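Student: This structure is in structure tokens; I'll ask about it shortly.
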Number of protein chains: 2
Amino acid sequence: MTSNDLSDEQQTALDHFHAVIPAGGVGTRLWPLSRAAAPKFLHDLTGSGSTLLRATYDRLTPLASDRMMVVTGVAHREAVCRQLPEVPDSELVLESEPKDSAAAIGLAAAILYRRDPEIIMGSFAADHVISPDSVFQSAVHEAILTAATGKIVTIGITPTHASTGFGYIRTGAPLEVAGAPNAHAVVEFVEKPDQATAEKYLKSGDYSWNAGMFVAPVALLLQHLAANEPELHAGLTEIADAWDTAERDEVTARVWPTLPKIAIDYAVAEPAAAAGDVAVIPAAFSWDDVGDFAAIGRLNSANEVDDVTVLGDGARVFTEDASGVVVTDTKRVIALIGIDDVVIVDTPDALLVTTTAHAQRVKAAVDALKANGDMDVL
Amino acid sequence: MTSNDLSDEQQTALDHFHAVIPAGGVGTRLWPLSRAAAPKFLHDLTGSGSTLLRATYDRLTPLASDRMMVVTGVAHREAVCRQLPEVPDSELVLESEPKDSAAAIGLAAAILYRRDPEIIMGSFAADHVISPDSVFQSAVHEAILTAATGKIVTIGITPTHASTGFGYIRTGAPLEVAGAPNAHAVVEFVEKPDQATAEKYLKSGDYSWNAGMFVAPVALLLQHLAANEPELHAGLTEIADAWDTAERDEVTARVWPTLPKIAIDYAVAEPAAAAGDVAVIPAAFSWDDVGDFAAIGRLNSANEVDDVTVLGDGARVFTEDASGVVVTDTKRVIALIGIDDVVIVDTPDALLVTTTAHAQRVKAAVDALKANGDMDVL
């Protein structure tokens, strides 16, 4: 793609693109590495040298330049600023308490709308792993041009297997959008399927994984939010009106805690799809939401000591007849002997030992620790 | 047993009993808990609240009162004194470097012989687990009375299964010793058998496990040592002559490093058995040399969290669908999820993860770490 191929309208759309990075979510299934004080997006889970947040920012830079907003919890302000020193205060939205994705993304949309109602925003989670960047960027480029025609545009991931762990997007007819040859209508969003249904989806070729990434004119997004969640919309508008003024703190402190908690999928995406306002750009980049430690093994297979994937600076791992994943942020010597498919996560105050097959059950363990009052390590 | 039943000769023998506790051996198969700086005998491996050394001392006290000598490495002086504050300097024999069991036990014998040639010594490793104490004490009582008749007397452990991990003692004819109804001649010592041979031994009823415990007149022990290892005997005699004088340090520093390394089994027990000078008291107390972490599981089955045996003060172990052994001397939260027969040993600078079935292979791992130069954790 070169700018020579673009019409004035297309260039205007691209110039109005503003990326929003919701950096929330503890990543409980990655405990004890990921935890309230050090959530998933602040870790380098791929051995690349970059945290997931930093990698997300860098991936979006060619499209958004410095038009990027980060929404995160107040507790993470310092860590986020350390990761993204170039983000100015005006682009940092701090939540005093988590209010789910509709409030987080909706506030960003409302603030951006007040600054410029023509903005097309893209929302991309801070804790996903994507490659290659170029294929992702090309899909977002198409999504921006499609959004400019008055659509909420999801990026759909071409499934590589019949996963039961993700929601799916059912693709409809192709849309005729200049510069966006892959744009299709969305028939519906569907919830995580059972195995048989997932196999059917995969075989049909009509379904993409819903990775929660979308691009939309802020005006259209807010219009759907107002229609579906008027109370939330009103509260966000009140905060946004005060945002770039001296009243920000007072209004936010008063209104934010009262906002309803709802996911953006229910507040915007699904109703908009039912209204025929949602498009999808199916894209074939590889995507991983690093849902558990088995994913860490997949994503770091290059860092192997014998058959053990090791993640951690200066790790001292000795293995004999062992396989699995070791994640360490200590400098301890770790010896694995005669044990297969093990997952070991070694942190200064907590140690997890499980297997790749049981990696999804870590969440239940964290819930149990919480119930037991072991908050110091959560 | 009451003193009323004893002849004057028997009482004299008992009064001349002096226990020797060789406290050596790192216990490499218990790494990283047990290591050069904190060997096995300095740990409480049974959850009793006592270290193995302290428990050994307490077990011998009813027989030896304060007639107890400890032989250990100079590096462990402070730790041993902390465990056994009642042991005077004159009963603490410090090795500047390890010289195997014949030198360690032989030096104790030579020192005791110089103090009183009538002493009957008993040698009992500092890192074995025995119960009940009363059965052990009764066997040692018989051993002392048998030793007084001019025998080197081993305590043989009645086998509970066909172990291939221990040497065996082949029992001969009963001996007629007053007060020692279980005393038998020893036909021979045999090395660790293969499985079929071990089964045969068990079935025959003629074999005991060789736990390395023996009781002998120091004069007889030294006589065999002189015959089999004259150089070692001469060196030990030279040190012993200087021991309770101002020359101790000078002579020890000069002679000890020159002594040959040999096990007491080869230097004394086996040749003495061939000469018909060895007896055995078969005894049915339970005995464990805590050879690996699987033993820790057996010895601490009372301390279970679900199906996981936990050893460690203030351990915070969370388990879900897990079994095995956790040994920790940190206060970290340890979560085990969906993993069976696992062995986890958690120390501040090293972590071991293996299975009960592979617990014996820990020694090979330590050897590999040594070869790799990871001396800081060994």
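Labels used: A, B, ... for chains in the order of the structure tokens, numbers from 1 for residues in each chain, and numbers from 1 for ligands as shown.
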As a ChimeraX atom specification, please: the residues near Leu336 in chain B (cut-off 12 Å, only C-alpha atoms, same-chain neighbours under 2 positions excluded).
Tutor: /A:32,342-345,350-355,358-359,361-362,364-366,369 /B:305-310,316-326,333-334,338-344,353
Student: Which residues come within 8 Å of range 115-121 of chain B, counting only C-alpha atoms, excluding same-chain residues fewer than 3 positions away, as a PyMOL selection string?
Tutor: chain B and resi 13+16-20+109+111-112+144+147-148+215-219
Student: Using DSSP secondary structure from the backbone, list all helix (DSSP H, G or I) positions within range 82-246 of chain B, as number ranges by chain.
Tutor: B: 82-83, 89-91, 100-115, 133-147, 195-204, 218-228, 230-243
Student: Within 10 Å of Leu145 in chain A, counting only C-alpha atoms, which residues show up once you throw out same-chain ones fewer than 5 positions away? Write them as an mmCIF file with N, CA, C and O atoms, in the first residue's frame, please.
Tutor:
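And here's out_9.cif as it stands now:
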data_model
loop_
_atom_site.group_PDB
_atom_site.id
_atom_site.type_symbol
_atom_site.label_atom_id
_atom_site.label_comp_id
_atom_site.auth_asym_id
_atom_site.auth_seq_id
_atom_site.Cartn_x
_atom_site.Cartn_y
_atom_site.Cartn_z
ATOM 1 N N GLU A 9 -10.552 10.792 0.406
ATOM 2 C CA GLU A 9 -11.410 10.312 1.493
ATOM 3 C C GLU A 9 -10.688 9.233 2.300
ATOM 4 O O GLU A 9 -10.755 9.215 3.537
ATOM 5 N N GLN A 10 -10.034 8.349 1.576
ATOM 6 C CA GLN A 10 -9.307 7.274 2.269
ATOM 7 C C GLN A 10 -8.188 7.850 3.136
ATOM 8 O O GLN A 10 -8.007 7.460 4.289
ATOM 9 N N GLN A 11 -7.450 8.790 2.588
ATOM 10 C CA GLN A 11 -6.352 9.385 3.355
ATOM 11 C C GLN A 11 -6.896 10.100 4.584
ATOM 12 O O GLN A 11 -6.312 10.033 5.669
ATOM 13 N N THR A 12 -8.035 10.751 4.433
ATOM 14 C CA THR A 12 -8.668 11.428 5.570
ATOM 15 C C THR A 12 -9.028 10.419 6.657
ATOM 16 O O THR A 12 -8.802 10.652 7.848
ATOM 17 N N ALA A 13 -9.574 9.294 6.231
ATOM 18 C CA ALA A 13 -9.924 8.249 7.202
ATOM 19 C C ALA A 13 -8.676 7.785 7.950
ATOM 20 O O ALA A 13 -8.666 7.694 9.191
ATOM 21 N N LEU A 14 -7.614 7.491 7.205
ATOM 22 C CA LEU A 14 -6.383 7.001 7.832
ATOM 23 C C LEU A 14 -5.798 8.048 8.785
ATOM 24 O O LEU A 14 -5.287 7.716 9.856
ATOM 25 N N PHE A 17 -7.353 8.026 12.182
ATOM 26 C CA PHE A 17 -7.265 6.803 12.994
ATOM 27 C C PHE A 17 -6.574 7.103 14.327
ATOM 28 O O PHE A 17 -5.547 7.772 14.391
ATOM 29 N N ILE A 120 -11.703 7.882 13.896
ATOM 30 C CA ILE A 120 -11.965 6.440 13.782
ATOM 31 C C ILE A 120 -11.030 5.754 14.772
ATOM 32 O O ILE A 120 -9.809 5.877 14.663
ATOM 33 N N VAL A 140 -5.672 -4.039 9.651
ATOM 34 C CA VAL A 140 -6.182 -2.836 10.320
ATOM 35 C C VAL A 140 -6.378 -1.717 9.291
ATOM 36 O O VAL A 140 -7.363 -0.968 9.351
ATOM 37 N N GLY A 150 -18.883 3.729 7.493
ATOM 38 C CA GLY A 150 -19.966 3.684 8.476
ATOM 39 C C GLY A 150 -20.192 2.301 9.054
ATOM 40 O O GLY A 150 -21.325 1.830 9.192
ATOM 41 N N LYS A 151 -19.092 1.652 9.407
ATOM 42 C CA LYS A 151 -19.198 0.312 9.981
ATOM 43 C C LYS A 151 -18.346 0.219 11.255
ATOM 44 O O LYS A 151 -17.327 0.916 11.398
ATOM 45 N N VAL A 153 -15.911 -2.391 12.590
ATOM 46 C CA VAL A 153 -15.206 -3.432 11.842
ATOM 47 C C VAL A 153 -14.351 -4.275 12.782
ATOM 48 O O VAL A 153 -13.427 -3.758 13.423
ATOM 49 N N VAL A 177 -15.706 -2.404 -0.687
ATOM 50 C CA VAL A 177 -15.041 -1.250 -0.084
ATOM 51 C C VAL A 177 -13.694 -1.059 -0.778
ATOM 52 O O VAL A 177 -12.870 -1.986 -0.794
ATOM 53 N N ALA A 178 -13.507 0.118 -1.346
ATOM 54 C CA ALA A 178 -12.249 0.389 -2.034
ATOM 55 C C ALA A 178 -11.093 0.306 -1.047
ATOM 56 O O ALA A 178 -11.167 0.870 0.056
ATOM 57 N N GLY A 179 -10.055 -0.442 -1.407
ATOM 58 C CA GLY A 179 -8.881 -0.569 -0.547
ATOM 59 C C GLY A 179 -9.046 -1.604 0.542
ATOM 60 O O GLY A 179 -8.141 -1.789 1.356
ATOM 61 N N ALA A 180 -10.219 -2.258 0.584
ATOM 62 C CA ALA A 180 -10.449 -3.270 1.631
ATOM 63 C C ALA A 180 -11.055 -4.519 1.002
ATOM 64 O O ALA A 180 -12.217 -4.859 1.243
ATOM 65 N N ALA A 183 -13.027 -7.091 3.149
ATOM 66 C CA ALA A 183 -14.153 -6.691 4.002
ATOM 67 C C ALA A 183 -15.403 -7.525 3.702
ATOM 68 O O ALA A 183 -15.771 -7.713 2.545
ATOM 69 N N VAL A 215 -12.332 -1.768 14.836
ATOM 70 C CA VAL A 215 -12.076 -0.400 14.383
ATOM 71 C C VAL A 215 -13.439 0.206 14.078
ATOM 72 O O VAL A 215 -14.277 -0.448 13.436
ATOM 73 N N ALA A 216 -13.685 1.433 14.551
ATOM 74 C CA ALA A 216 -15.014 2.025 14.360
ATOM 75 C C ALA A 216 -14.945 3.545 14.463
ATOM 76 O O ALA A 216 -14.156 4.082 15.247
#
Student: Quick one: everything within 7 Å of Asp329 in chain B, counting only C-alpha atoms, minus sequence neighbours fewer than 2 positions away in the same chain. Send it as a list of chain:residue names.
Tutor: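 So the residues in contact are B:Gly312, B:Asp313, B:Val327, B:Lys331, B:Asp346, B:Thr347.
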Student: Could you state the separation of CA of Leu222 in chain A and CA of Thr61 in chain A in Å, given to one decimal place?
Tutor: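 Spanning CA of Leu222 in chain A to CA of Thr61 in chain A is a straight-line distance of 24.8 Å.
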Student: For CA of Val187 in chain A and CA of Arg59 in chain A, determine how far apart the two atoms are, in Å to one decimal place.
Tutor: 29.0 Å
Student: Using DSSP on the backbone, list every residue of range 5-142 of chain B that comes out as strand (DSSP E), and give them as a PyMOL selection string.
Tutor: chain B and resi 17-23+68-73+92-95+120-123+129-131
Student: What's the 10 Å shell around Asn228 in chain B, counting only C-alpha atoms, without same-chain residues fewer than 6 positions away, as a ChimeraX atom specification?
Tutor: /B:222,266-268,271-272
Student: Residues within 9 Å of range 69-79 of chain B, please, as an mmCIF file with N, CA, C and O atoms, in the first residue's frame. Count only C-alpha atoms; anything in the same chain fewer than 6 positions from it doesn't count.
Tutor:
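What follows is the written file part.cif:
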data_model
loop_
_atom_site.group_PDB
_atom_site.id
_atom_site.type_symbol
_atom_site.label_atom_id
_atom_site.label_comp_id
_atom_site.auth_asym_id
_atom_site.auth_seq_id
_atom_site.Cartn_x
_atom_site.Cartn_y
_atom_site.Cartn_z
ATOM 1 N N HIS B 18 30.369 -46.557 75.281
ATOM 2 C CA HIS B 18 30.569 -45.180 74.829
ATOM 3 C C HIS B 18 30.051 -45.087 73.391
ATOM 4 O O HIS B 18 30.508 -45.815 72.518
ATOM 5 N N ALA B 19 29.064 -44.211 73.161
ATOM 6 C CA ALA B 19 28.500 -44.089 71.812
ATOM 7 C C ALA B 19 29.331 -43.126 70.976
ATOM 8 O O ALA B 19 29.822 -42.114 71.480
ATOM 9 N N VAL B 20 29.481 -43.469 69.719
ATOM 10 C CA VAL B 20 30.150 -42.593 68.754
ATOM 11 C C VAL B 20 29.155 -42.314 67.624
ATOM 12 O O VAL B 20 28.534 -43.241 67.100
ATOM 13 N N ILE B 21 28.996 -41.036 67.310
ATOM 14 C CA ILE B 21 28.063 -40.654 66.246
ATOM 15 C C ILE B 21 28.843 -40.013 65.103
ATOM 16 O O ILE B 21 29.246 -38.856 65.201
ATOM 17 N N PRO B 22 29.114 -40.773 64.052
ATOM 18 C CA PRO B 22 29.734 -40.143 62.881
ATOM 19 C C PRO B 22 28.667 -39.304 62.175
ATOM 20 O O PRO B 22 27.636 -39.825 61.744
ATOM 21 N N ALA B 23 28.905 -37.992 62.145
ATOM 22 C CA ALA B 23 27.959 -37.082 61.511
ATOM 23 C C ALA B 23 28.629 -36.528 60.260
ATOM 24 O O ALA B 23 29.216 -35.457 60.257
ATOM 25 N N GLY B 24 28.546 -37.322 59.216
ATOM 26 C CA GLY B 24 29.148 -36.932 57.942
ATOM 27 C C GLY B 24 28.184 -37.262 56.836
ATOM 28 O O GLY B 24 27.095 -37.769 57.088
ATOM 29 N N ALA B 36 26.272 -29.317 51.129
ATOM 30 C CA ALA B 36 27.527 -29.242 51.884
ATOM 31 C C ALA B 36 27.390 -28.379 53.138
ATOM 32 O O ALA B 36 27.829 -28.759 54.216
ATOM 33 N N ALA B 37 26.737 -27.247 53.007
ATOM 34 C CA ALA B 37 26.646 -26.330 54.144
ATOM 35 C C ALA B 37 25.561 -26.742 55.139
ATOM 36 O O ALA B 37 25.526 -26.236 56.257
ATOM 37 N N ALA B 38 24.679 -27.620 54.742
ATOM 38 C CA ALA B 38 23.567 -28.025 55.614
ATOM 39 C C ALA B 38 23.241 -29.483 55.335
ATOM 40 O O ALA B 38 22.226 -29.812 54.745
ATOM 41 N N PRO B 39 24.130 -30.388 55.770
ATOM 42 C CA PRO B 39 23.943 -31.797 55.417
ATOM 43 C C PRO B 39 22.718 -32.396 56.103
ATOM 44 O O PRO B 39 22.155 -31.826 57.042
ATOM 45 N N LEU B 42 21.584 -32.403 59.788
ATOM 46 C CA LEU B 42 21.184 -31.149 60.433
ATOM 47 C C LEU B 42 19.737 -30.765 60.110
ATOM 48 O O LEU B 42 19.292 -29.676 60.449
ATOM 49 N N VAL B 87 27.431 -31.510 74.521
ATOM 50 C CA VAL B 87 28.638 -32.252 74.163
ATOM 51 C C VAL B 87 29.863 -31.380 74.425
ATOM 52 O O VAL B 87 29.997 -30.305 73.848
ATOM 53 N N PRO B 88 30.783 -31.847 75.304
ATOM 54 C CA PRO B 88 31.975 -31.032 75.599
ATOM 55 C C PRO B 88 32.981 -31.134 74.448
ATOM 56 O O PRO B 88 32.920 -32.050 73.638
ATOM 57 N N SER B 90 35.887 -32.115 74.448
ATOM 58 C CA SER B 90 36.679 -33.348 74.467
ATOM 59 C C SER B 90 35.964 -34.489 73.739
ATOM 60 O O SER B 90 36.590 -35.480 73.382
ATOM 61 N N GLU B 91 34.655 -34.344 73.514
ATOM 62 C CA GLU B 91 33.893 -35.399 72.833
ATOM 63 C C GLU B 91 33.538 -35.015 71.396
ATOM 64 O O GLU B 91 32.724 -35.662 70.751
ATOM 65 N N LEU B 92 34.151 -33.942 70.913
ATOM 66 C CA LEU B 92 33.872 -33.493 69.559
ATOM 67 C C LEU B 92 35.126 -33.699 68.717
ATOM 68 O O LEU B 92 36.158 -33.071 68.975
ATOM 69 N N VAL B 93 35.042 -34.607 67.761
ATOM 70 C CA VAL B 93 36.184 -34.885 66.896
ATOM 71 C C VAL B 93 35.903 -34.244 65.542
ATOM 72 O O VAL B 93 34.924 -34.601 64.876
ATOM 73 N N LEU B 94 36.746 -33.284 65.164
ATOM 74 C CA LEU B 94 36.508 -32.528 63.931
ATOM 75 C C LEU B 94 37.486 -32.956 62.848
ATOM 76 O O LEU B 94 38.703 -32.923 63.046
ATOM 77 N N GLU B 95 36.928 -33.342 61.722
ATOM 78 C CA GLU B 95 37.768 -33.720 60.589
ATOM 79 C C GLU B 95 38.036 -32.496 59.730
ATOM 80 O O GLU B 95 37.105 -31.828 59.298
ATOM 81 N N SER B 96 39.315 -32.255 59.432
ATOM 82 C CA SER B 96 39.645 -31.114 58.570
ATOM 83 C C SER B 96 39.292 -31.422 57.122
ATOM 84 O O SER B 96 39.079 -30.525 56.326
ATOM 85 N N GLU B 97 39.248 -32.699 56.785
ATOM 86 C CA GLU B 97 38.775 -33.113 55.459
ATOM 87 C C GLU B 97 38.215 -34.521 55.599
ATOM 88 O O GLU B 97 38.653 -35.279 56.461
ATOM 89 N N PRO B 98 37.248 -34.904 54.773
ATOM 90 C CA PRO B 98 36.642 -36.237 54.931
ATOM 91 C C PRO B 98 37.625 -37.330 54.526
ATOM 92 O O PRO B 98 38.316 -37.214 53.525
ATOM 93 N N ALA B 104 37.346 -42.028 60.412
ATOM 94 C CA ALA B 104 36.491 -41.300 61.353
ATOM 95 C C ALA B 104 36.205 -42.147 62.587
ATOM 96 O O ALA B 104 36.399 -41.709 63.731
ATOM 97 N N ILE B 105 35.755 -43.379 62.356
ATOM 98 C CA ILE B 105 35.394 -44.252 63.473
ATOM 99 C C ILE B 105 36.654 -44.766 64.177
ATOM 100 O O ILE B 105 36.706 -44.879 65.410
ATOM 101 N N LEU B 107 39.509 -43.206 64.505
ATOM 102 C CA LEU B 107 40.084 -42.169 65.371
ATOM 103 C C LEU B 107 39.329 -42.113 66.697
ATOM 104 O O LEU B 107 39.943 -42.039 67.770
ATOM 105 N N ALA B 108 38.004 -42.168 66.605
ATOM 106 C CA ALA B 108 37.210 -42.190 67.840
ATOM 107 C C ALA B 108 37.631 -43.372 68.711
ATOM 108 O O ALA B 108 37.850 -43.237 69.926
ATOM 109 N N ALA B 126 24.458 -40.449 62.217
ATOM 110 C CA ALA B 126 23.665 -39.320 62.718
ATOM 111 C C ALA B 126 22.436 -39.036 61.876
ATOM 112 O O ALA B 126 21.640 -38.171 62.240
#
Student: Would you compute the distance between CA of Pro260 in chain B and CA of Gly106 in chain B? Give it in Å to one decimal.
Tutor: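 CA of Gly106 in chain B lies at a distance of 11.9 Å from CA of Pro260 in chain B.
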Student: When you count only C-alpha atoms, which of these residues is closest to Gln137 in chain B: B:Ile262, B:Phe285, B:Gly47, B:Asn303?
Tutor: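 Closest candidate: B:Phe285.
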